[in-house]
Amino acid sequence: MASDTDRQLNLNFLTSKVEGSHRLMRAVSDVEVNEPHAKITIVGVGQVGMAAAFSITTQGLASELALVDVVADKLKGEMMDLQHGLAFLKPTRIRADTDYAISKGSVICVVTAGVRQKEGESRRNLVQRNVEIFKKIIPQLVKYSPNTILLIVSNPVDILAYVAWKISGLPKHRVIGSGTMLDSSRMRFLLSERFQIAPQNCHGYILGEHGDSSVAVWSGVNVAGTHLKDICPKAGEKDDPENWEQIHQDVINSAYEIIRLKGYTSWAIGTMVASLCSAILRNQRLVYALSTLATGFHGIDQEVYLSLPCVIGEHGITHILNQNITDAEKEKLCQGANDLRSIIDGIKF
């Protein structure tokens, strides 16, 4: 058993690891102060990764934020740029490295790395190139953080979330794709523009693929508790005189339009990632449209990841809502599942 003298020597050593700290303060505990607590790792410091990092930092969600990328200079520069604003924010330890060992002990690992979608390019065209990248990333994250929750943001997100689940060996509830959470947010914003009220009072989900085959669940849209179908019975249908379906088409086209205008999407998805991390770290039990294993829901018999309304908290996805949707909406979901499965079948793992 260590003596009091040995313990004090150890405390002095721990304190003196920070240059000059032994002259500023005296250790009274042998607790390792660098042990991570609410730690988040972000892989990929491109526009999306840094928008997520900025949102997480400014909201004070993490006690430690680790950044990982293959481009060392940009990685260091982004780390320094964030660190220099910490005096104005809640304390967060920000570190960065090309070595995945820096991610050790992460509660959440956010993956934004991958080949960027080009103007006019569908998310599905990105598949095999990004699968090869995931083969390198995912095993390293699980190696250093075996109890982590993987949050996949890279596109095509549904396929890559499925790939991450297969590669990682983690249970399905701890491998989550950002899915149509952002699509649903875009829908709520566009609804709010039509009604001229706040997006928070417009409720609705876009489910299925985060892409061109997504399904707008018009049967469930409500505004401050009033169902849209009660006042616009044909909303979302082909013969709808008010053409509400145009909102869904605008959601589908919005990413392509933003990429055309500024070259990439970043801020909305960065904010979305921070909201997801908050729900996990604070066990908020929020319901979001997230990409998860959809087998057995709404007649889907394929093994695919698709977005469904999910309850998310500290253990990841704990429940999926049995949403009451129409037969036409179910048919679209099943068709999207079949299309995605055909792509998955062509992947070389």
# chains A, B, ... in the order shown; residues from 1 in each chain; ligands from 1
call {"tool": "residues_around", "arguments": {"residues": "region 73-77 of chain A", "least_positions_apart": "3", "cutoff": "9 Å", "atoms": "only C-alpha atoms", "output": "JSON list (two decimals) with N, CA and C atoms, in the first residue's frame"}}
result
[["chain", "number", "residue", "atom", "x", "y", "z"],
["A", 44, "GLY", "N", -13.28, 14.09, -39.59],
["A", 44, "GLY", "CA", -13.48, 14.89, -40.79],
["A", 44, "GLY", "C", -13.65, 16.35, -40.44],
["A", 45, "VAL", "N", -12.69, 17.18, -40.83],
["A", 45, "VAL", "CA", -12.76, 18.61, -40.50],
["A", 45, "VAL", "C", -13.05, 19.44, -41.75],
["A", 67, "LEU", "N", -10.79, 16.10, -32.62],
["A", 67, "LEU", "CA", -10.93, 16.20, -34.07],
["A", 67, "LEU", "C", -9.92, 15.28, -34.73],
["A", 68, "VAL", "N", -10.38, 14.52, -35.73],
["A", 68, "VAL", "CA", -9.50, 13.58, -36.44],
["A", 68, "VAL", "C", -9.65, 13.82, -37.94],
["A", 69, "ASP", "N", -8.51, 13.85, -38.63],
["A", 69, "ASP", "CA", -8.52, 13.99, -40.08],
["A", 69, "ASP", "C", -7.17, 13.52, -40.62],
["A", 70, "VAL", "N", -7.10, 13.33, -41.92],
["A", 70, "VAL", "CA", -5.84, 12.88, -42.52],
["A", 70, "VAL", "C", -4.95, 14.04, -42.94],
["A", 80, "MET", "N", -6.72, 25.06, -33.54],
["A", 80, "MET", "CA", -6.26, 26.32, -32.95],
["A", 80, "MET", "C", -7.32, 27.40, -33.06],
["A", 81, "ASP", "N", -7.98, 27.45, -34.19],
["A", 81, "ASP", "CA", -9.01, 28.48, -34.41],
["A", 81, "ASP", "C", -10.15, 28.33, -33.41],
["A", 82, "LEU", "N", -10.55, 27.10, -33.14],
["A", 82, "LEU", "CA", -11.59, 26.88, -32.13],
["A", 82, "LEU", "C", -11.08, 27.19, -30.72],
["A", 95, "ARG", "N", -8.86, 19.01, -28.74],
["A", 95, "ARG", "CA", -7.62, 18.41, -29.20],
["A", 95, "ARG", "C", -7.81, 17.87, -30.61],
["A", 96, "ALA", "N", -6.70, 17.66, -31.30],
["A", 96, "ALA", "CA", -6.78, 17.15, -32.67],
["A", 96, "ALA", "C", -5.55, 16.32, -32.99],
["A", 97, "ASP", "N", -5.75, 15.30, -33.83],
["A", 97, "ASP", "CA", -4.63, 14.45, -34.23],
["A", 97, "ASP", "C", -5.04, 13.60, -35.42],
["A", 98, "THR", "N", -4.06, 13.18, -36.20],
["A", 98, "THR", "CA", -4.33, 12.23, -37.28],
["A", 98, "THR", "C", -4.41, 10.81, -36.73]]
call {"tool": "closest_atom_pairs", "arguments": {"of": "region 205-236 of chain A", "to": "region 275-296 of chain A", "cutoff": "10 Å", "atoms": "only C-alpha atoms", "output": "CSV"}}
result
residue,atom,partner,partner_atom,distance
A:Tyr205,CA,A:Ala289,CA,6.7
A:Ile206,CA,A:Ala289,CA,7.2
A:Leu207,CA,A:Ala289,CA,6.5
A:Gly208,CA,A:Ser291,CA,8.0
A:Glu209,CA,A:Ser291,CA,8.1
A:His210,CA,A:Ser291,CA,8.4
call {"tool": "write_last_selection", "arguments": {"atoms": "C-alpha atoms", "output": "short mmCIF file (atom, residue, chain, number, x, y, z; two decimals), in the first residue's frame"}}
result
data_model
loop_
_atom_site.label_atom_id
_atom_site.label_comp_id
_atom_site.auth_asym_id
_atom_site.auth_seq_id
_atom_site.Cartn_x
_atom_site.Cartn_y
_atom_site.Cartn_z
CA TYR A 205 -41.72 14.02 -40.74
CA ILE A 206 -39.96 13.07 -43.90
CA LEU A 207 -39.04 9.40 -43.65
CA GLY A 208 -37.22 6.78 -45.70
CA GLU A 209 -34.09 7.57 -47.66
CA HIS A 210 -32.19 10.79 -47.16
#
call {"tool": "closest_atom_pairs", "arguments": {"of": "region 162-211 of chain A", "to": "region 147-153 of chain A", "cutoff": "10 Å", "atoms": "only C-alpha atoms", "output": "CSV"}}
result
residue,atom,partner,partner_atom,distance
A:Tyr162,CA,A:Ile152,CA,9.5
A:Ala164,CA,A:Ile152,CA,7.9
A:Trp165,CA,A:Leu150,CA,8.7
A:Ser168,CA,A:Leu150,CA,9.1
A:Leu170,CA,A:Asn147,CA,8.5
A:Pro171,CA,A:Ile149,CA,9.5
A:Lys172,CA,A:Ile149,CA,9.8
A:His173,CA,A:Ile149,CA,8.3
A:Arg174,CA,A:Ile149,CA,4.7
A:Val175,CA,A:Leu150,CA,4.8
A:Ile176,CA,A:Leu151,CA,5.0
A:Gly177,CA,A:Ile152,CA,4.7
A:Ser178,CA,A:Val153,CA,5.5
A:Gly179,CA,A:Val153,CA,7.8
call {"tool": "closest_residue", "arguments": {"among": "A:Ile343, A:Glu119, A:Pro156, A:Lys135", "to": "Asn253 (chain A)", "atoms": "only C-alpha atoms"}}
result
A:Glu119
call {"tool": "atom_distance", "arguments": {"atom1": "CA of Ala224 (chain A)", "atom2": "CA of Ala198 (chain A)"}}
result
10.0 Å
call {"tool": "select_by_dssp", "arguments": {"residues": "region 69-317 of chain A", "states": "strand (DSSP E or B)", "output": "ChimeraX atom specification"}}
result
/A:93-97,108-111,149-152,175-177,202-203,206-208,215-216,222-223,226-227,286-293,305-313,316-317
call {"tool": "closest_residue", "arguments": {"among": "A:Asn155, A:Thr271, A:Ser145, A:Gln246", "to": "Arg194 (chain A)", "atoms": "only C-alpha atoms"}}
result
A:Gln246
call {"tool": "atom_distance", "arguments": {"atom1": "CA of His84 (chain A)", "atom2": "CA of Phe54 (chain A)"}}
result
12.2 Å
call {"tool": "residues_around", "arguments": {"residues": "Leu141 (chain A)", "least_positions_apart": "6", "cutoff": "8 Å", "atoms": "only C-alpha atoms", "output": "list in words"}}
result
Tyr100, Ser103, Lys104 and Cys109 of chain A
call {"tool": "select_by_dssp", "arguments": {"residues": "region 46-92 of chain A", "states": "alpha helix (DSSP H)", "output": "JSON, numbers by chain"}}
result
{"A": [47, 48, 49, 50, 51, 52, 53, 54, 55, 56, 57, 58, 72, 73, 74, 75, 76, 77, 78, 79, 80, 81, 82, 83]}
call {"tool": "decode", "arguments": {"residues": "region 113-222 of chain A", "atoms": "C-alpha atoms", "output": "tab-separated table (two decimals), in the first residue's frame"}}
result
chain	number	residue	atom	x	y	z
A	113	ALA	CA	-15.47	12.25	-43.45
A	114	GLY	CA	-15.86	11.16	-47.02
A	115	VAL	CA	-15.85	12.29	-50.60
A	116	ARG	CA	-17.86	15.48	-51.03
A	117	GLN	CA	-20.97	15.45	-53.18
A	118	LYS	CA	-20.41	17.38	-56.41
A	119	GLU	CA	-22.89	19.71	-58.06
A	120	GLY	CA	-25.61	17.63	-59.69
A	121	GLU	CA	-24.27	14.36	-58.27
A	122	SER	CA	-26.67	12.05	-56.44
A	123	ARG	CA	-25.77	10.84	-52.96
A	124	ARG	CA	-25.83	7.25	-54.21
A	125	ASN	CA	-22.94	7.84	-56.62
A	126	LEU	CA	-20.71	8.36	-53.62
A	127	VAL	CA	-21.24	4.85	-52.27
A	128	GLN	CA	-18.20	2.68	-52.96
A	129	ARG	CA	-15.65	5.48	-52.59
A	130	ASN	CA	-16.95	6.28	-49.14
A	131	VAL	CA	-17.29	2.62	-48.16
A	132	GLU	CA	-13.54	2.26	-48.68
A	133	ILE	CA	-12.94	5.22	-46.37
A	134	PHE	CA	-15.26	3.74	-43.73
A	135	LYS	CA	-13.31	0.48	-43.75
A	136	LYS	CA	-10.40	2.48	-42.32
A	137	ILE	CA	-12.32	4.78	-39.99
A	138	ILE	CA	-14.89	2.64	-38.18
A	139	PRO	CA	-12.61	-0.12	-36.77
A	140	GLN	CA	-10.29	2.54	-35.32
A	141	LEU	CA	-13.12	4.36	-33.57
A	142	VAL	CA	-14.50	1.17	-32.04
A	143	LYS	CA	-11.00	0.07	-31.01
A	144	TYR	CA	-10.50	3.16	-28.84
A	145	SER	CA	-14.13	3.71	-27.79
A	146	PRO	CA	-15.90	0.32	-27.67
A	147	ASN	CA	-18.86	1.78	-25.77
A	148	THR	CA	-19.38	4.73	-28.08
A	149	ILE	CA	-22.45	5.73	-30.08
A	150	LEU	CA	-21.59	6.11	-33.76
A	151	LEU	CA	-23.35	9.02	-35.44
A	152	ILE	CA	-22.96	8.78	-39.22
A	153	VAL	CA	-23.43	11.98	-41.22
A	154	SER	CA	-21.44	11.23	-44.40
A	155	ASN	CA	-23.45	10.61	-47.57
A	156	PRO	CA	-25.13	8.47	-48.75
A	157	VAL	CA	-25.99	8.36	-45.07
A	158	ASP	CA	-28.45	5.44	-45.01
A	159	ILE	CA	-26.07	3.10	-46.81
A	160	LEU	CA	-23.02	4.26	-44.86
A	161	ALA	CA	-24.85	3.90	-41.54
A	162	TYR	CA	-25.65	0.32	-42.54
A	163	VAL	CA	-22.02	-0.22	-43.55
A	164	ALA	CA	-20.83	1.24	-40.22
A	165	TRP	CA	-23.18	-1.11	-38.34
A	166	LYS	CA	-21.83	-4.12	-40.21
A	167	ILE	CA	-18.17	-3.13	-39.87
A	168	SER	CA	-18.31	-1.99	-36.24
A	169	GLY	CA	-19.99	-5.00	-34.67
A	170	LEU	CA	-21.88	-2.59	-32.38
A	171	PRO	CA	-25.55	-3.14	-31.57
A	172	LYS	CA	-27.94	-1.44	-33.98
A	173	HIS	CA	-29.20	1.08	-31.41
A	174	ARG	CA	-25.68	2.53	-31.10
A	175	VAL	CA	-25.09	3.05	-34.84
A	176	ILE	CA	-27.24	5.93	-36.02
A	177	GLY	CA	-27.50	7.79	-39.30
A	178	SER	CA	-28.52	11.46	-39.33
A	179	GLY	CA	-30.99	10.38	-42.02
A	180	THR	CA	-33.95	12.65	-42.75
A	181	MET	CA	-33.70	14.67	-39.56
A	182	LEU	CA	-32.47	17.61	-41.64
A	183	ASP	CA	-35.04	16.94	-44.38
A	184	SER	CA	-37.77	17.10	-41.74
A	185	SER	CA	-36.33	20.37	-40.43
A	186	ARG	CA	-36.34	21.81	-43.95
A	187	MET	CA	-39.94	20.73	-44.36
A	188	ARG	CA	-40.94	22.41	-41.10
A	189	PHE	CA	-39.21	25.62	-42.17
A	190	LEU	CA	-40.96	25.66	-45.55
A	191	LEU	CA	-44.31	25.00	-43.88
A	192	SER	CA	-43.64	27.88	-41.52
A	193	GLU	CA	-42.92	30.16	-44.47
A	194	ARG	CA	-46.31	29.36	-45.97
A	195	PHE	CA	-48.17	29.90	-42.71
A	196	GLN	CA	-45.95	32.76	-41.50
A	197	ILE	CA	-45.46	31.24	-38.07
A	198	ALA	CA	-42.43	29.81	-36.27
A	199	PRO	CA	-41.00	26.45	-37.50
A	200	GLN	CA	-41.31	25.14	-33.93
A	201	ASN	CA	-45.10	25.17	-34.33
A	202	CYS	CA	-45.04	23.17	-37.59
A	203	HIS	CA	-44.73	19.42	-37.12
A	204	GLY	CA	-44.15	16.71	-39.65
A	205	TYR	CA	-41.72	14.02	-40.74
A	206	ILE	CA	-39.96	13.07	-43.90
A	207	LEU	CA	-39.04	9.40	-43.65
A	208	GLY	CA	-37.22	6.78	-45.70
A	209	GLU	CA	-34.09	7.57	-47.66
A	210	HIS	CA	-32.19	10.79	-47.16
A	211	GLY	CA	-32.43	11.42	-50.86
A	212	ASP	CA	-34.67	11.46	-53.88
A	213	SER	CA	-36.95	8.59	-52.72
A	214	SER	CA	-37.75	10.14	-49.33
A	215	VAL	CA	-41.36	10.04	-48.18
A	216	ALA	CA	-43.20	13.09	-46.89
A	217	VAL	CA	-45.75	11.85	-44.35
A	218	TRP	CA	-48.52	14.33	-45.14
A	219	SER	CA	-51.00	12.28	-43.14
A	220	GLY	CA	-49.16	13.29	-39.96
A	221	VAL	CA	-48.42	16.98	-40.63
A	222	ASN	CA	-49.95	19.32	-38.08
